[in-house]
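Below: one structure, written as structure tokens.
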Amino acid sequence: MEKNDLSSLPLIDEIYGAILTENNSKLDHIAERRSKEFENIRIIMSTPKDGGARLDLDLDIIKKKCPIIVSIFQHDNFFITSAEIAMQSYLTGGKSIVPIDWSFSYDSNFAEKLRNIFFGSNIRDEDKELIRNFIFLKKELSIQTDIFPMIIENVRLRRNCPENDRPRDTIASFKALDYIDWNKFEKDKNTPLKELTTKPWNEIVDEAEKDIQGYMTDSAIKSFEYKALFNNCILYKIAILYISNPEDASSNFSSLIEFCINVLNKLPNYELNLAWQFFYSKVKPPFWGAITNISKKIFEKIDQSMSWDLVHMRAFESLATNSNSCSIFIPFFMSFDKGLKELVLNNPITFMVINDKEQVVLAARKNEMDFQIALNEHMNDKLLLEMTDEKVMIRRNTTISYQMLEELKKNLTDELKIVIESVKNTA
């Protein structure tokens, strides 16, 4: 294929590859040959430059008062382009207005602490103060909140245990933020927050119950539950490879790629990027502690924590599609989990290419080019044959069943138990 020849991949793949490799001539070629397909495409680039679009709030102030807030992007300014913006710029002689929408989301760790405050449960004073600071900020700055990422895991908890009311109460706690009696809240730090609302708590709970029943059948929720199970399988395979031979990063990463392509029938970019960093890093990030330390709770950590952390990251990415062709939606998230925060801060998104019609987003992180090079270098000739445009699209449009993933997870769990026992016996 010539340098600027186009493949049979979707337009967002072509644009993504050209931006990643800084191939401006290919971008020009794409614009010339496939311009009619640009109608539903947006490109968002994170930038430190002052000329970029920016939020209409002071993030430094927010982060100072509530340092648990994290952005998934590398920088706080943005360049954005789309067909609508290009037309706007053409009609105004190069000027365009790019409105930025934003919201704050939460992981389940933050959500549980908020619920504890509403119910008067024990919580560290420092954590309580941080949450109170956020509640004040929400009022002062009219901060929008999006509970979707947190809801995913809470629906799973209710599905696994229908009599468990904690997921419902967690959702109710977030809904109740809109009904806080501010005079009482400012003066009283000890009374459970559910007693300081202007709307009766039982009515808020009833609304939350209706919400969670609706979420139980929501297709988006189910797709993320599938993703969590998918992550289980990847993480168990990573654990098996690493615990079996922690020093052989090259072989471990190659084996993981082969597993993803031949067994999972996918090449999950973000998860493989994290695994590549894990295998090769001398100092392992805290996120991987359960695996590196062979924790007694390794299975629980993978199933109930690590897999869902990765789901949250994917959910935050998907929130970036919550805007139209002439705006940006910037998701921020809040977490008390230091390992998760470090994971995000070390892997910020530099740019996104979004297909609004298909609701598909391709995100590149700051080490993306190095990772893509490493990915190819760790594939043997047989695996490289699986990277043709045709086979890439077949994998993208083919999904193994939930039941098959459950069976695979069971087999991997059994294998990991054997590996751990073997390592203990030879120690």
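FYI, nothing fancy with the structure tokens labels: chains A, B, ... in order, residues from 1 per chain, ligands from 1 as they appear.
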To test your reading of the structure, identify every residue in range 22-176 of chain A that backbone DSSP assigns to helix (DSSP H, G or I), and report it as a PyMOL selection string. chain A and resi 24-33+35-40+59-65+83-91+108-119+125-140+148-160+166-176
Neighbour list for range 50-67 of chain A as a list in words, cut-off 6 Å, only C-alpha atoms, skip fewer than 4 positions in-chain: Asn77, Phe78, Phe79 and Leu130 of chain A
List as a tab-separated table every residue of range 288-362 of chain A that is in contact with range 410-416 of chain A, defined as an atom at most 12 Å from one of its atoms (using only C-alpha atoms), together with the nearest atom pair and the distance in Å rounded to one decimal, sorted by chain and then rising number.
```
residue	atom	partner	partner_atom	distance
A:Ile291	CA	A:Leu416	CA	10.7
A:Ile294	CA	A:Leu416	CA	10.5
A:Ile298	CA	A:Leu416	CA	9.9
A:Phe299	CA	A:Thr413	CA	7.8
A:Glu300	CA	A:Thr413	CA	11.1
A:Ile302	CA	A:Thr413	CA	10.4
A:Asp303	CA	A:Thr413	CA	10.5
```
Which one of A:Glu421, A:Asp76, A:Glu207, A:Asp309 sits closest to Asn231 in chain A if you count only C-alpha atoms? A:Asp309
If DSSP is run on the backbone, what residues of range 133-354 of chain A are strand (DSSP E)? A reply as a PyMOL selection string would be ideal. chain A and resi 145-146+328-334+349-354
Go ahead and write the selection's residues with N, CA and C atoms as a PDB file, in the first residue's frame.
```
ATOM      1  N   THR A 145     -23.467  16.560  37.345  1.00  0.00           N
ATOM      2  CA  THR A 145     -22.969  15.245  37.735  1.00  0.00           C
ATOM      3  C   THR A 145     -23.587  14.173  36.848  1.00  0.00           C
ATOM      4  N   ASP A 146     -22.813  13.123  36.621  1.00  0.00           N
ATOM      5  CA  ASP A 146     -23.269  12.005  35.802  1.00  0.00           C
ATOM      6  C   ASP A 146     -22.967  10.727  36.568  1.00  0.00           C
ATOM      7  N   ILE A 328     -17.887  20.000  22.713  1.00  0.00           N
ATOM      8  CA  ILE A 328     -17.077  18.991  23.383  1.00  0.00           C
ATOM      9  C   ILE A 328     -17.755  18.634  24.697  1.00  0.00           C
ATOM     10  N   PHE A 329     -17.697  17.355  25.039  1.00  0.00           N
ATOM     11  CA  PHE A 329     -18.150  16.932  26.361  1.00  0.00           C
ATOM     12  C   PHE A 329     -16.929  16.375  27.089  1.00  0.00           C
ATOM     13  N   ILE A 330     -16.560  17.003  28.206  1.00  0.00           N
ATOM     14  CA  ILE A 330     -15.373  16.598  28.946  1.00  0.00           C
ATOM     15  C   ILE A 330     -15.788  15.928  30.250  1.00  0.00           C
ATOM     16  N   PRO A 331     -15.546  14.624  30.384  1.00  0.00           N
ATOM     17  CA  PRO A 331     -15.881  13.957  31.639  1.00  0.00           C
ATOM     18  C   PRO A 331     -14.715  14.015  32.634  1.00  0.00           C
ATOM     19  N   PHE A 332     -15.013  14.390  33.855  1.00  0.00           N
ATOM     20  CA  PHE A 332     -14.066  14.299  34.962  1.00  0.00           C
ATOM     21  C   PHE A 332     -14.590  13.217  35.899  1.00  0.00           C
ATOM     22  N   PHE A 333     -13.712  12.664  36.717  1.00  0.00           N
ATOM     23  CA  PHE A 333     -14.231  11.684  37.656  1.00  0.00           C
ATOM     24  C   PHE A 333     -13.577  11.860  39.019  1.00  0.00           C
ATOM     25  N   MET A 334     -14.234  11.299  40.013  1.00  0.00           N
ATOM     26  CA  MET A 334     -13.800  11.451  41.396  1.00  0.00           C
ATOM     27  C   MET A 334     -13.606  10.075  42.010  1.00  0.00           C
ATOM     28  N   ILE A 349      -5.550  10.818  28.048  1.00  0.00           N
ATOM     29  CA  ILE A 349      -5.903  10.821  26.627  1.00  0.00           C
ATOM     30  C   ILE A 349      -5.358  12.084  25.971  1.00  0.00           C
ATOM     31  N   THR A 350      -4.711  11.915  24.817  1.00  0.00           N
ATOM     32  CA  THR A 350      -4.178  13.067  24.076  1.00  0.00           C
ATOM     33  C   THR A 350      -5.141  13.504  22.979  1.00  0.00           C
ATOM     34  N   PHE A 351      -5.803  12.540  22.335  1.00  0.00           N
ATOM     35  CA  PHE A 351      -6.814  12.908  21.344  1.00  0.00           C
ATOM     36  C   PHE A 351      -7.837  11.794  21.183  1.00  0.00           C
ATOM     37  N   MET A 352      -8.998  12.177  20.675  1.00  0.00           N
ATOM     38  CA  MET A 352     -10.084  11.241  20.393  1.00  0.00           C
ATOM     39  C   MET A 352     -10.620  11.489  18.992  1.00  0.00           C
ATOM     40  N   VAL A 353     -11.008  10.422  18.323  1.00  0.00           N
ATOM     41  CA  VAL A 353     -11.760  10.524  17.075  1.00  0.00           C
ATOM     42  C   VAL A 353     -13.099   9.844  17.335  1.00  0.00           C
ATOM     43  N   ILE A 354     -14.177  10.574  17.091  1.00  0.00           N
ATOM     44  CA  ILE A 354     -15.516  10.104  17.456  1.00  0.00           C
ATOM     45  C   ILE A 354     -16.424  10.047  16.236  1.00  0.00           C
TER      46      ILE A 354
END
```
Shell of 12 Å around Ile418 in chain A, only C-alpha atoms, local chain residues under 6 positions omitted, as a PDB file with C-alpha atoms, in the first residue's frame:
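Dumped to out19.pdb:
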```pdb
ATOM      1  CA  ALA A 239      -1.874 -12.884  36.544  1.00  0.00           C
ATOM      2  CA  ILE A 240      -1.126 -16.388  35.270  1.00  0.00           C
ATOM      3  CA  ILE A 243       3.145 -15.092  38.538  1.00  0.00           C
ATOM      4  CA  SER A 244       4.488 -17.986  36.455  1.00  0.00           C
ATOM      5  CA  ASN A 411     -10.935 -22.291  33.438  1.00  0.00           C
ATOM      6  CA  LEU A 412      -8.569 -19.353  33.953  1.00  0.00           C
ATOM      7  CA  LYS A 424       4.230 -21.411  46.843  1.00  0.00           C
ATOM      8  CA  ASN A 425       5.548 -24.987  46.773  1.00  0.00           C
TER       9      ASN A 425
END
```
Near Phe259 in chain A, counting only C-alpha atoms, which residues have an atom at most 12 Å away, once you skip same-chain residues fewer than 2 positions from it, shown as a PyMOL selection string? chain A and resi 233-238+240-241+252-257+261-268+272+379+383+408+412
Using only C-alpha atoms, pick whichever of A:Arg124, A:Lys227, A:Lys113, A:Arg34 has the shortest atom-to-atom distance to Ala315 in chain A. A:Lys227
Within 9 Å of Glu317 in chain A using only C-alpha atoms, minus same-chain residues under 2 positions, as a list in words: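 Non-adjacent residues within range: Ile72, His312, Met313, Arg314, Ala315, Leu319, Ala320, Thr321, Pro331, Val361, Leu362 and Ala363 of chain A.
For the choices A:Leu137, A:Ala275, A:Ala220, A:Ile147, the atom-to-atom distance to Tyr242 in chain A is smallest for A:Ala275 when using only C-alpha atoms.
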Rounded to one decimal in Å, what is the spacing between CA of Phe287 in chain A and CA of Leu340 in chain A?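 Those two atoms sit 6.2 Å apart.
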Contacts of Asp381 in chain A at 12 Å or less, counting only C-alpha atoms, minus same-chain residues fewer than 5 places along, as an MDAnalysis selection string? chainID A and resid 254 258 376 386:387
Preceding selection exported with C-alpha atoms as a compact mmCIF listing (two decimals), in the first residue's frame:
```
# COMPACT_ATOMS: atom_id res chain seq x y z
CA SER A 254 3.51 -11.78 23.37
CA GLU A 258 -1.92 -14.20 21.24
CA ASN A 376 3.77 -5.05 16.42
CA GLU A 386 -4.38 -11.50 11.69
CA MET A 387 -3.94 -7.73 11.35
```
Would you please work out which residue, of A:Gln403, A:Asn160, A:Ser305, A:Asn202, is nearest to Ala290 in chain A when using only C-alpha atoms?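 Going through A:Gln403, A:Asn160, A:Ser305, A:Asn202 one by one, the smallest distance to Ala290 in chain A is for A:Ser305.
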Top pick for closest residue to Pro348 in chain A, considering A:Arg396, A:Lys210, A:Lys139, A:His75 and counting only C-alpha atoms: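 Between A:Arg396, A:Lys210, A:Lys139, A:His75, the residue approaching Pro348 in chain A most closely is A:His75.
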